[in-house]
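So this one's input_35.cif, mmCIF, C-alpha atoms:
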```cif
data_structure
#
loop_
_atom_site.label_atom_id
_atom_site.label_comp_id
_atom_site.auth_asym_id
_atom_site.auth_seq_id
_atom_site.Cartn_x
_atom_site.Cartn_y
_atom_site.Cartn_z
CA MET A 26 105.26 82.16 118.33
CA LYS A 27 108.00 84.06 116.52
CA PRO A 28 111.24 84.72 118.40
CA LEU A 29 110.96 88.54 118.33
CA GLU A 30 107.22 88.70 118.87
CA GLY A 31 106.39 91.65 121.12
CA ILE A 32 109.43 93.71 120.10
CA ARG A 33 108.37 97.05 118.62
CA VAL A 34 110.70 98.74 116.12
CA VAL A 35 110.45 102.19 114.56
CA GLU A 36 112.53 102.46 111.40
CA ALA A 37 113.27 106.02 110.26
CA ALA A 38 115.69 105.11 107.48
CA THR A 39 116.09 105.01 103.72
CA LEU A 40 117.91 102.99 101.08
CA PHE A 41 119.63 99.84 102.25
CA ALA A 42 121.74 99.17 105.36
CA ALA A 43 119.36 100.30 108.10
CA PRO A 44 116.23 99.03 106.27
CA ILE A 45 117.93 95.63 105.88
CA ALA A 46 118.39 95.55 109.66
CA GLY A 47 114.71 96.37 110.10
CA MET A 48 113.77 93.70 107.55
CA LEU A 49 115.73 91.03 109.43
CA LEU A 50 114.09 91.93 112.74
CA GLY A 51 110.68 91.87 111.07
CA ASP A 52 111.39 88.46 109.55
CA TYR A 53 111.56 87.02 113.05
CA GLY A 54 108.38 88.62 114.32
CA ALA A 55 109.24 92.14 115.45
CA ASP A 56 106.53 94.71 114.75
CA VAL A 57 108.45 97.07 112.46
CA VAL A 58 106.94 100.43 111.56
CA LYS A 59 108.79 102.04 108.66
CA LEU A 60 108.46 105.81 108.46
CA GLU A 61 108.84 107.63 105.14
CA HIS A 62 108.70 111.31 104.38
CA PRO A 63 105.19 112.26 103.20
CA ARG A 64 106.45 113.87 99.98
CA ARG A 65 109.81 112.14 99.48
CA PRO A 66 109.38 108.36 99.72
CA ASP A 67 112.36 106.09 100.37
CA PRO A 68 114.59 106.35 97.25
CA ALA A 69 114.90 102.55 97.36
CA ARG A 70 111.43 102.46 95.79
CA GLY A 71 113.06 103.71 92.60
CA HIS A 72 116.20 101.57 92.62
CA GLY A 73 116.55 98.51 90.42
CA PRO A 74 113.91 96.80 88.28
CA ALA A 75 110.25 97.78 88.40
CA LYS A 76 106.95 96.37 87.19
CA ASP A 77 104.09 98.72 86.32
CA GLY A 78 106.05 101.51 87.99
CA VAL A 79 106.39 99.59 91.27
CA GLY A 80 109.97 99.06 92.47
CA LEU A 81 110.74 95.40 93.09
CA TRP A 82 113.75 95.76 95.41
CA PHE A 83 111.61 97.68 97.88
CA LYS A 84 109.19 94.76 98.04
CA THR A 85 111.86 92.78 99.88
CA LEU A 86 113.43 95.64 101.85
CA ALA A 87 110.07 96.65 103.33
CA ARG A 88 108.60 93.18 103.79
CA ASN A 89 106.91 92.41 107.10
CA LYS A 90 106.81 96.15 107.88
CA ARG A 91 103.95 98.54 108.41
CA LEU A 92 104.37 101.65 106.27
CA ALA A 93 103.57 105.10 107.62
CA THR A 94 104.51 108.66 106.67
CA LEU A 95 105.88 111.33 109.00
CA ASP A 96 107.96 114.48 108.60
CA LEU A 97 110.27 114.41 111.62
CA SER A 98 111.66 117.87 110.89
CA GLN A 99 108.38 119.59 111.76
CA PRO A 100 107.49 120.22 115.42
CA ALA A 101 104.26 118.25 115.10
CA GLY A 102 106.16 115.40 113.48
CA ARG A 103 108.73 115.48 116.29
CA ASP A 104 105.89 115.15 118.81
CA VAL A 105 104.43 112.12 117.04
CA PHE A 106 107.87 110.53 116.71
CA LEU A 107 108.49 110.87 120.45
CA ARG A 108 105.14 109.20 121.11
CA LEU A 109 106.15 106.33 118.83
CA ALA A 110 109.57 106.07 120.52
CA GLU A 111 107.99 106.08 123.95
CA ARG A 112 106.32 102.73 123.31
CA ALA A 113 109.05 101.24 121.12
CA ASP A 114 111.86 98.86 122.01
CA VAL A 115 114.10 99.89 119.11
CA VAL A 116 114.50 102.93 116.88
CA ILE A 117 116.61 102.49 113.73
CA GLU A 118 117.81 105.60 111.91
CA ASN A 119 120.35 106.45 109.24
CA PHE A 120 120.29 110.21 108.92
CA ARG A 121 123.60 112.00 108.68
CA PRO A 122 125.04 112.36 112.21
CA GLY A 123 123.64 115.44 113.94
CA THR A 124 120.36 115.49 112.03
CA LEU A 125 118.20 113.98 114.77
CA GLU A 126 119.85 116.29 117.29
CA ARG A 127 119.00 119.31 115.12
CA TRP A 128 115.36 118.22 115.17
CA GLY A 129 115.36 117.75 118.94
CA LEU A 130 115.26 113.97 118.59
CA GLY A 131 118.75 112.99 119.72
CA TRP A 132 119.57 110.31 122.27
CA ASP A 133 119.00 112.63 125.25
CA GLU A 134 115.43 113.36 124.16
CA LEU A 135 114.65 109.78 123.20
CA GLU A 136 116.10 108.34 126.41
CA SER A 137 114.13 110.84 128.48
CA VAL A 138 110.82 109.48 127.12
CA ASN A 139 111.95 105.84 127.10
CA PRO A 140 115.01 104.81 129.16
CA ARG A 141 114.66 101.21 127.88
CA LEU A 142 114.96 102.23 124.23
CA VAL A 143 117.70 100.88 121.95
CA LEU A 144 118.66 103.50 119.35
CA ALA A 145 120.44 101.93 116.36
CA ARG A 146 122.31 104.54 114.33
CA VAL A 147 123.66 103.53 110.92
CA SER A 148 125.87 105.96 109.01
CA GLY A 149 128.65 106.04 106.46
CA PHE A 150 131.52 106.66 108.86
CA GLY A 151 130.02 106.52 112.38
CA GLN A 152 128.75 109.08 114.86
CA ARG A 153 132.17 110.54 115.72
CA GLY A 154 135.53 111.17 114.08
CA PRO A 155 136.71 113.52 111.32
CA TYR A 156 134.51 111.89 108.66
CA ALA A 157 131.31 111.65 110.71
CA SER A 158 129.56 114.51 108.94
CA ARG A 159 130.41 113.29 105.44
CA PRO A 160 127.71 111.73 103.26
CA GLY A 161 128.36 108.01 103.15
CA PHE A 162 127.17 105.29 100.77
CA GLY A 163 128.07 101.66 100.31
CA THR A 164 130.24 102.42 97.27
CA LEU A 165 132.49 104.64 99.38
CA ALA A 166 132.71 101.98 102.09
CA GLU A 167 133.60 99.31 99.53
CA ALA A 168 136.42 101.55 98.34
CA ILE A 169 137.83 102.74 101.64
CA SER A 170 137.47 99.41 103.50
CA GLY A 171 140.08 97.68 101.36
CA PHE A 172 137.56 95.53 99.49
CA ALA A 173 137.88 97.17 96.07
CA ALA A 174 141.67 97.14 96.27
CA LEU A 175 141.57 93.34 96.55
CA ASN A 176 138.81 92.78 94.01
CA GLY A 177 139.48 92.49 90.29
CA GLU A 178 142.06 91.08 87.91
CA PRO A 179 145.78 91.41 88.75
CA ASP A 180 146.43 93.75 85.83
CA GLY A 181 143.13 95.60 86.10
CA ALA A 182 141.64 98.43 88.13
CA PRO A 183 140.15 97.97 91.60
CA LEU A 184 136.67 96.55 91.14
CA LEU A 185 133.51 97.59 92.99
CA PRO A 186 130.81 94.95 93.57
CA PRO A 187 127.63 95.05 91.45
CA LEU A 188 125.42 94.93 94.54
CA ALA A 189 124.91 96.70 97.86
CA LEU A 190 127.60 94.66 99.60
CA ALA A 191 128.67 97.10 102.32
CA ASP A 192 125.04 97.96 103.06
CA GLY A 193 124.03 94.32 103.34
CA ILE A 194 126.84 93.46 105.73
CA ALA A 195 126.17 96.58 107.82
CA GLY A 196 122.48 95.66 107.95
CA LEU A 197 123.27 92.17 109.23
CA THR A 198 125.73 93.66 111.73
CA THR A 199 123.18 96.18 112.98
CA ALA A 200 120.49 93.55 113.49
CA PHE A 201 122.95 91.46 115.51
CA ALA A 202 124.02 94.48 117.58
CA VAL A 203 120.39 95.40 118.28
CA LEU A 204 119.73 91.92 119.64
CA ALA A 205 122.87 92.18 121.80
CA ALA A 206 121.65 95.53 123.14
CA LEU A 207 118.19 94.11 123.86
CA ARG A 208 119.79 91.21 125.74
CA ALA A 209 121.80 93.70 127.80
CA ARG A 210 118.62 95.66 128.49
CA ASP A 211 117.02 92.50 129.84
CA ALA A 212 119.84 92.37 132.40
CA THR A 213 120.22 96.07 133.22
CA GLY A 214 116.83 97.59 132.48
CA ARG A 215 118.53 100.30 130.42
CA GLY A 216 118.66 100.91 126.70
CA GLN A 217 121.69 102.23 124.80
CA VAL A 218 122.95 103.52 121.47
CA VAL A 219 124.16 101.14 118.74
CA ASP A 220 126.62 102.91 116.40
CA THR A 221 127.25 101.04 113.13
CA ASN A 222 129.09 102.46 110.14
CA LEU A 223 129.32 101.01 106.64
CA VAL A 224 133.11 100.67 106.58
CA GLU A 225 134.15 98.60 109.58
CA PRO A 226 131.94 95.50 109.13
CA LEU A 227 133.26 95.07 105.57
CA ALA A 228 136.85 95.78 106.66
CA LEU A 229 136.52 92.93 109.16
CA LEU A 230 135.28 90.48 106.53
CA VAL A 231 137.95 91.44 104.01
CA GLY A 232 140.24 89.27 106.14
CA PRO A 233 143.46 89.77 108.09
CA GLN A 234 144.72 92.55 105.84
CA VAL A 235 145.33 95.04 108.65
CA THR A 236 146.98 92.39 110.82
CA ALA A 237 149.25 91.26 107.98
CA PHE A 238 150.23 94.85 107.23
CA ASP A 239 150.87 95.55 110.91
CA LEU A 240 153.03 92.50 111.59
CA LEU A 241 154.53 91.72 108.19
CA GLY A 242 154.29 94.92 106.19
CA GLU A 243 152.51 92.92 103.49
CA LEU A 244 149.69 94.07 101.22
CA GLN A 245 147.67 91.44 99.37
CA GLU A 246 147.46 91.91 95.62
CA ARG A 247 144.45 91.35 93.39
CA THR A 248 144.18 87.76 92.18
CA GLY A 249 140.97 87.81 90.12
CA ASN A 250 139.01 84.60 90.72
CA ARG A 251 142.03 82.86 92.15
CA SER A 252 142.83 82.79 95.86
CA SER A 253 145.98 84.01 97.54
CA SER A 254 145.61 81.22 100.13
CA ASN A 255 144.92 78.00 98.23
CA ALA A 256 144.57 76.32 94.84
CA PRO A 257 142.71 75.27 92.83
CA ARG A 258 140.16 78.04 93.29
CA ASN A 259 138.70 79.60 90.18
CA VAL A 260 135.82 79.62 87.73
CA TYR A 261 136.20 77.39 84.68
CA ARG A 262 134.44 77.29 81.31
CA THR A 263 132.85 73.98 80.29
CA ALA A 264 132.55 72.48 76.82
CA ASP A 265 128.95 73.72 76.50
CA ASP A 266 129.99 77.31 77.28
CA GLN A 267 128.83 77.29 80.90
CA TYR A 268 130.86 78.05 84.01
CA VAL A 269 131.53 76.19 87.23
CA ALA A 270 133.37 77.30 90.37
CA VAL A 271 135.85 75.01 92.13
CA SER A 272 137.15 75.47 95.66
CA ALA A 273 139.82 73.38 97.38
CA SER A 274 140.48 75.16 100.66
CA ALA A 275 141.09 71.80 102.33
CA THR A 276 144.06 69.75 101.14
CA SER A 277 141.89 66.61 101.07
CA ILE A 278 139.57 68.29 98.56
CA ALA A 279 142.51 69.44 96.47
CA GLU A 280 143.73 65.85 96.35
CA ARG A 281 140.34 64.64 95.10
CA VAL A 282 140.18 67.33 92.42
CA LEU A 283 143.67 66.63 91.08
CA THR A 284 143.05 62.89 91.12
CA LEU A 285 139.81 63.43 89.20
CA VAL A 286 141.47 65.53 86.51
CA GLY A 287 144.29 63.03 86.02
CA ARG A 288 147.11 64.77 87.86
CA ALA A 289 147.46 62.61 90.96
CA ASP A 290 151.22 62.88 90.45
CA LEU A 291 151.12 66.41 91.85
CA ILE A 292 149.75 65.20 95.18
CA ALA A 293 153.07 63.51 95.99
CA GLN A 294 154.97 66.78 95.66
CA PRO A 295 156.07 68.24 99.04
CA TRP A 296 154.56 71.64 98.22
CA PHE A 297 151.08 70.20 97.65
CA ALA A 298 150.41 69.69 101.38
CA THR A 299 149.81 73.40 102.09
CA GLY A 300 147.59 76.03 100.54
CA SER A 301 150.51 78.41 100.10
CA GLY A 302 152.51 75.66 98.41
CA ARG A 303 149.73 75.05 95.92
CA VAL A 304 149.41 78.78 95.25
CA ALA A 305 153.08 78.82 94.31
CA HIS A 306 152.28 76.23 91.61
CA VAL A 307 148.88 77.61 90.64
CA GLU A 308 149.58 77.81 86.92
CA GLU A 309 150.19 74.08 86.62
CA ILE A 310 147.26 73.20 88.89
CA ASP A 311 144.84 75.60 87.22
CA GLY A 312 145.91 74.51 83.78
CA ALA A 313 145.16 70.86 84.56
CA VAL A 314 141.75 71.62 86.07
CA ALA A 315 140.78 74.02 83.28
CA ALA A 316 141.72 71.55 80.55
CA TRP A 317 139.77 68.71 82.11
CA ILE A 318 136.65 70.82 82.72
CA GLY A 319 136.88 72.45 79.30
CA ALA A 320 136.58 69.07 77.59
CA ARG A 321 133.25 68.21 79.31
CA THR A 322 129.76 69.65 79.60
CA ARG A 323 128.64 71.28 82.79
CA ALA A 324 126.36 68.35 83.62
CA GLU A 325 129.25 65.93 83.16
CA VAL A 326 131.56 68.03 85.32
CA LEU A 327 129.05 68.37 88.14
CA ALA A 328 128.30 64.64 88.11
CA ALA A 329 131.98 63.67 88.15
CA PHE A 330 132.83 66.09 90.96
CA GLU A 331 129.90 64.84 93.02
CA ALA A 332 130.99 61.24 92.55
CA ALA A 333 134.53 62.20 93.61
CA GLU A 334 133.22 64.17 96.63
CA ALA A 335 135.06 67.24 95.37
CA ALA A 336 133.74 70.79 95.79
CA VAL A 337 132.11 72.37 92.76
CA ALA A 338 129.08 74.54 91.97
CA PRO A 339 127.52 75.87 88.79
CA VAL A 340 127.76 79.61 88.20
CA TYR A 341 124.07 80.55 88.19
CA ASP A 342 122.10 83.63 87.40
CA ALA A 343 118.78 84.17 89.21
CA GLY A 344 116.95 81.88 86.78
CA GLY A 345 119.29 78.99 87.45
CA LEU A 346 119.12 79.51 91.20
CA VAL A 347 115.33 79.50 91.32
CA ALA A 348 115.12 76.44 89.05
CA ASP A 349 117.60 74.36 91.06
CA PRO A 350 115.72 71.52 92.84
CA HIS A 351 117.82 71.81 95.99
CA PHE A 352 116.62 75.34 96.73
CA GLY A 353 113.07 74.35 95.96
CA ALA A 354 113.35 71.54 98.50
CA THR A 355 114.75 73.89 101.16
CA ASP A 356 112.18 76.65 100.55
CA ALA A 357 114.89 79.18 99.82
CA PHE A 358 112.38 81.35 97.97
CA VAL A 359 108.78 82.13 98.81
CA ARG A 360 105.90 83.66 96.92
CA VAL A 361 104.15 86.40 98.88
CA ALA A 362 100.76 87.93 98.17
CA ASP A 363 101.01 91.61 97.26
CA GLU A 364 98.33 94.27 96.97
CA GLU A 365 100.07 96.10 94.12
CA LEU A 366 101.47 93.26 91.99
CA GLY A 367 99.35 90.26 92.95
CA SER A 368 102.28 88.18 94.21
CA VAL A 369 106.04 88.52 94.51
CA MET A 370 108.75 85.85 94.76
CA MET A 371 111.64 86.69 97.06
CA SER A 372 114.29 85.13 99.28
CA ASN A 373 112.93 83.41 102.37
CA VAL A 374 113.99 84.12 105.95
CA ILE A 375 117.72 83.44 105.76
CA SER A 376 118.16 81.28 108.89
CA ARG A 377 115.64 78.63 109.88
CA LEU A 378 114.79 78.25 113.56
CA SER A 379 113.39 74.83 114.45
CA GLU A 380 111.04 75.89 117.26
CA THR A 381 110.24 79.58 116.63
CA PRO A 382 110.72 80.15 112.90
CA GLY A 383 110.42 83.47 111.17
CA GLU A 384 108.19 84.09 108.18
CA VAL A 385 107.71 86.41 105.23
CA GLU A 386 104.08 87.42 105.63
CA ARG A 387 103.88 90.59 103.56
CA ALA A 388 105.79 92.30 100.77
CA GLY A 389 106.65 95.98 101.00
CA ALA A 390 103.46 98.00 100.80
CA ALA A 391 102.46 101.28 99.15
CA HIS A 392 103.68 104.61 100.47
CA GLY A 393 101.82 105.44 103.68
CA ALA A 394 99.64 102.34 103.53
CA ASP A 395 99.41 101.99 107.33
CA THR A 396 99.72 105.60 108.51
CA ALA A 397 96.27 105.86 110.07
CA ALA A 398 96.54 102.55 111.95
CA VAL A 399 100.06 103.23 113.21
CA LEU A 400 99.31 106.73 114.48
CA ALA A 401 96.05 105.62 116.07
CA GLU A 402 98.12 103.38 118.35
CA VAL A 403 99.80 106.46 119.85
CA GLY A 404 96.58 108.41 120.31
CA VAL A 405 96.25 110.23 116.99
CA ASP A 406 92.52 110.32 116.34
CA ALA A 407 90.80 111.05 113.04
CA ALA A 408 90.62 114.81 113.66
CA GLU A 409 94.29 115.10 114.56
CA LEU A 410 95.26 112.92 111.59
CA GLN A 411 93.36 115.26 109.29
CA ARG A 412 95.18 118.29 110.75
CA LEU A 413 98.55 116.56 110.38
CA ARG A 414 97.79 115.71 106.76
CA ALA A 415 96.69 119.25 106.01
CA ALA A 416 99.98 120.55 107.45
CA GLY A 417 102.03 118.06 105.42
CA VAL A 418 103.31 116.29 108.55
CA VAL A 419 102.04 112.88 107.40
#
```

Re-express the file's structure as structure tokens.
Amino acid sequence: MKPLEGIRVVEAATLFAAPIAGMLLGDYGADVVKLEHPRRPDPARGHGPAKDGVGLWFKTLARNKRLATLDLSQPAGRDVFLRLAERADVVIENFRPGTLERWGLGWDELESVNPRLVLARVSGFGQRGPYASRPGFGTLAEAISGFAALNGEPDGAPLLPPLALADGIAGLTTAFAVLAALRARDATGRGQVVDTNLVEPLALLVGPQVTAFDLLGELQERTGNRSSSNAPRNVYRTADDQYVAVSASATSIAERVLTLVGRADLIAQPWFATGSGRVAHVEEIDGAVAAWIGARTRAEVLAAFEAAEAAVAPVYDAGGLVADPHFGATDAFVRVADEELGSVMMSNVISRLSETPGEVERAGAAHGADTAAVLAEVGVDAAELQRLRAAGVV
């Protein structure tokens, strides 16, 4: 048994945040039906690398999902969507606020056909407020949340991440909120609306910036790879032109690192006992660590840090990560059979449950691969399916 077995999810969403939420629910056994427009597939199919014209990112985003097509803006599509929602536990959508309402598919209509439904709405800035109607993407959230202002070198420009960071965090947040809403439904018998925007989850994880500004009037400055809270914390080049990352958030780890690199004398200094004290002397600390690491190969550095029980990790690309024996032993990556590409390697389910584990059973499928089967479950027979296809509804 999988933990979410029996939970039915309808995902009417594109690109990243909301589909990531659907992916996570599907990983743990929910039956997720992903709806795409019949003539405009999810743009995520065309993002990132591709093989033989098949987008690879989509293979992960749409894993464990059944893929169907439906044009919700047409009256016949609205009717089919309501039939899907009537038997669903969760609907996930990420249209611009007001779009579902314009199609006659807002919360009032959905609740009327299924009072136990959880409607998860993911948008750039939320369902209300002055910015609600604005188009919103992860890049904008990474800028406005305070993340970009903190990221980058001290003398450089604010730096955006090279990945869908805001979308990923919002997807995780939405999946968690959906489970909370389902738990509440178990107690009350009633569904509800989950409203997640891309900005606030990332603003929370940026740290206590708002609190520090409120109480102290302080704004954290960019520190590059260093930390404003502790030292040493940086990436360092090795003698064989590789990089390692060192973290010493705990004073005990900082002591081990400085002892290893031959500067145990610094440990006796009164300022060494606190992270802020070490930050005040970061140039001396970083210089000692960088010099020691720079005189040794990466293998030598990693072995010495491990022997000293100090915290270090190699800076990997995807090739290094996949080749590392630890992640092979923990099944961090799985190879999944795929109808289009033969097989696809991707990240495994991200949290392992000991009694009811999740599983990656299927990579993202072709556009509309499961339309007939999905619609048959809500009473669409072969004749009606043909009419819907002729009208461009599916």

Mind giving me the straight-line distance from CA of Tyr53 in chain A to CA of Leu40 in chain A in Å, one decimal?
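CA of Leu40 in chain A lies 20.9 Å from CA of Tyr53 in chain A.
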
Compare A:Ser274, A:Thr381, A:Thr164, A:Thr221 by their minimum atom-to-atom distance to Val203 in chain A, counting all atoms listed in the file, and give me the closest one.
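Closest to Val203 in chain A of all the choices is A:Thr221.
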
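One finds CA of Asp349 in chain A at 13.0 Å from CA of Ala324 in chain A.
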
Rounded to one decimal place, report the CA of Gly312 in chain A-CA of Ala264 in chain A distance in Å.
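CA of Gly312 in chain A sits 15.2 Å away from CA of Ala264 in chain A.
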
Among listed residues A:Ala401, A:Val218, A:Ala55, A:Val271, nearest Ala338 in chain A (using all atoms listed in the file):
A:Val271

On this structure, the PyMOL selection byres ((chain A and resi 163) around 7) would catch which residues? List them as a ChimeraX atom specification, sorted by chain and number.
/A:161-162,164-167,189,191-192,223

Output of the above residues as a PDB file, in the coordinates of the input, restricted to C-alpha atoms:
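And here's part34.pdb as it stands now:
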```
ATOM      1  CA  GLY A 161     128.360 108.010 103.150  1.00  0.00           C
ATOM      2  CA  PHE A 162     127.170 105.290 100.770  1.00  0.00           C
ATOM      3  CA  THR A 164     130.240 102.420  97.270  1.00  0.00           C
ATOM      4  CA  LEU A 165     132.490 104.640  99.380  1.00  0.00           C
ATOM      5  CA  ALA A 166     132.710 101.980 102.090  1.00  0.00           C
ATOM      6  CA  GLU A 167     133.600  99.310  99.530  1.00  0.00           C
ATOM      7  CA  ALA A 189     124.910  96.700  97.860  1.00  0.00           C
ATOM      8  CA  ALA A 191     128.670  97.100 102.320  1.00  0.00           C
ATOM      9  CA  ASP A 192     125.040  97.960 103.060  1.00  0.00           C
ATOM     10  CA  LEU A 223     129.320 101.010 106.640  1.00  0.00           C
TER      11      LEU A 223
END
```

Taking only C-alpha atoms into account, name the residue in A:Trp128, A:Trp82, A:Phe238, A:Tyr261 that is nearest to Asp104 in chain A.
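Smallest distance to Asp104 in chain A is found for A:Trp128.
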
Selected residue of minimal separation from Asn89 in chain A among A:Pro44, A:Pro122, A:Gly181, A:Gly73, counting all atoms listed in the file
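Looking only at the distances to Asn89 in chain A, the closest residue turns out to be A:Pro44.
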
At the level of N, CA and C atoms, write range 364-384 of chain A to a file as an mmCIF file, in the first residue's frame, please.
```cif
data_model
loop_
_atom_site.group_PDB
_atom_site.id
_atom_site.type_symbol
_atom_site.label_atom_id
_atom_site.label_comp_id
_atom_site.auth_asym_id
_atom_site.auth_seq_id
_atom_site.Cartn_x
_atom_site.Cartn_y
_atom_site.Cartn_z
ATOM 1 N N GLU A 364 7.985 4.934 -22.650
ATOM 2 C CA GLU A 364 7.513 4.530 -23.961
ATOM 3 C C GLU A 364 8.188 5.306 -25.085
ATOM 4 N N GLU A 365 8.588 6.557 -24.813
ATOM 5 C CA GLU A 365 9.168 7.380 -25.862
ATOM 6 C C GLU A 365 10.682 7.233 -25.971
ATOM 7 N N LEU A 366 11.370 7.084 -24.839
ATOM 8 C CA LEU A 366 12.828 7.104 -24.828
ATOM 9 C C LEU A 366 13.462 5.796 -24.371
ATOM 10 N N GLY A 367 12.660 4.800 -24.084
ATOM 11 C CA GLY A 367 13.179 3.515 -23.634
ATOM 12 C C GLY A 367 13.316 3.454 -22.130
ATOM 13 N N SER A 368 14.140 4.330 -21.559
ATOM 14 C CA SER A 368 14.252 4.442 -20.108
ATOM 15 C C SER A 368 14.806 5.813 -19.764
ATOM 16 N N VAL A 369 14.514 6.269 -18.564
ATOM 17 C CA VAL A 369 14.929 7.593 -18.116
ATOM 18 C C VAL A 369 15.403 7.483 -16.674
ATOM 19 N N MET A 370 16.593 8.048 -16.380
ATOM 20 C CA MET A 370 17.047 8.132 -14.993
ATOM 21 C C MET A 370 16.575 9.455 -14.409
ATOM 22 N N MET A 371 16.097 9.411 -13.166
ATOM 23 C CA MET A 371 15.641 10.621 -12.501
ATOM 24 C C MET A 371 15.750 10.459 -10.994
ATOM 25 N N SER A 372 15.574 11.561 -10.271
ATOM 26 C CA SER A 372 15.593 11.506 -8.812
ATOM 27 C C SER A 372 14.479 10.600 -8.304
ATOM 28 N N ASN A 373 14.782 9.877 -7.238
ATOM 29 C CA ASN A 373 13.807 8.992 -6.619
ATOM 30 C C ASN A 373 12.831 9.814 -5.783
ATOM 31 N N VAL A 374 11.834 9.150 -5.214
ATOM 32 C CA VAL A 374 10.956 9.776 -4.222
ATOM 33 C C VAL A 374 11.849 10.381 -3.137
ATOM 34 N N ILE A 375 11.580 11.624 -2.747
ATOM 35 C CA ILE A 375 12.581 12.359 -1.971
ATOM 36 C C ILE A 375 12.593 12.032 -0.483
ATOM 37 N N SER A 376 11.531 11.458 0.052
ATOM 38 C CA SER A 376 11.532 11.015 1.456
ATOM 39 C C SER A 376 11.095 9.563 1.492
ATOM 40 N N ARG A 377 11.841 8.739 2.201
ATOM 41 C CA ARG A 377 11.546 7.306 2.252
ATOM 42 C C ARG A 377 10.669 7.003 3.466
ATOM 43 N N LEU A 378 9.552 6.360 3.241
ATOM 44 C CA LEU A 378 8.682 5.907 4.319
ATOM 45 C C LEU A 378 8.941 4.429 4.550
ATOM 46 N N SER A 379 9.118 4.021 5.803
ATOM 47 C CA SER A 379 9.539 2.656 6.086
ATOM 48 C C SER A 379 8.432 1.640 5.843
ATOM 49 N N GLU A 380 7.180 2.011 6.071
ATOM 50 C CA GLU A 380 6.082 1.031 5.981
ATOM 51 C C GLU A 380 5.245 1.189 4.717
ATOM 52 N N THR A 381 5.062 2.425 4.247
ATOM 53 C CA THR A 381 4.234 2.660 3.055
ATOM 54 C C THR A 381 5.003 3.544 2.078
ATOM 55 N N PRO A 382 6.059 3.034 1.490
ATOM 56 C CA PRO A 382 6.919 3.879 0.658
ATOM 57 C C PRO A 382 6.242 4.302 -0.642
ATOM 58 N N GLY A 383 6.696 5.440 -1.162
ATOM 59 C CA GLY A 383 6.272 5.842 -2.486
ATOM 60 C C GLY A 383 7.128 5.163 -3.541
ATOM 61 N N GLU A 384 6.857 5.512 -4.803
ATOM 62 C CA GLU A 384 7.567 4.840 -5.896
ATOM 63 C C GLU A 384 7.414 5.648 -7.172
#
```
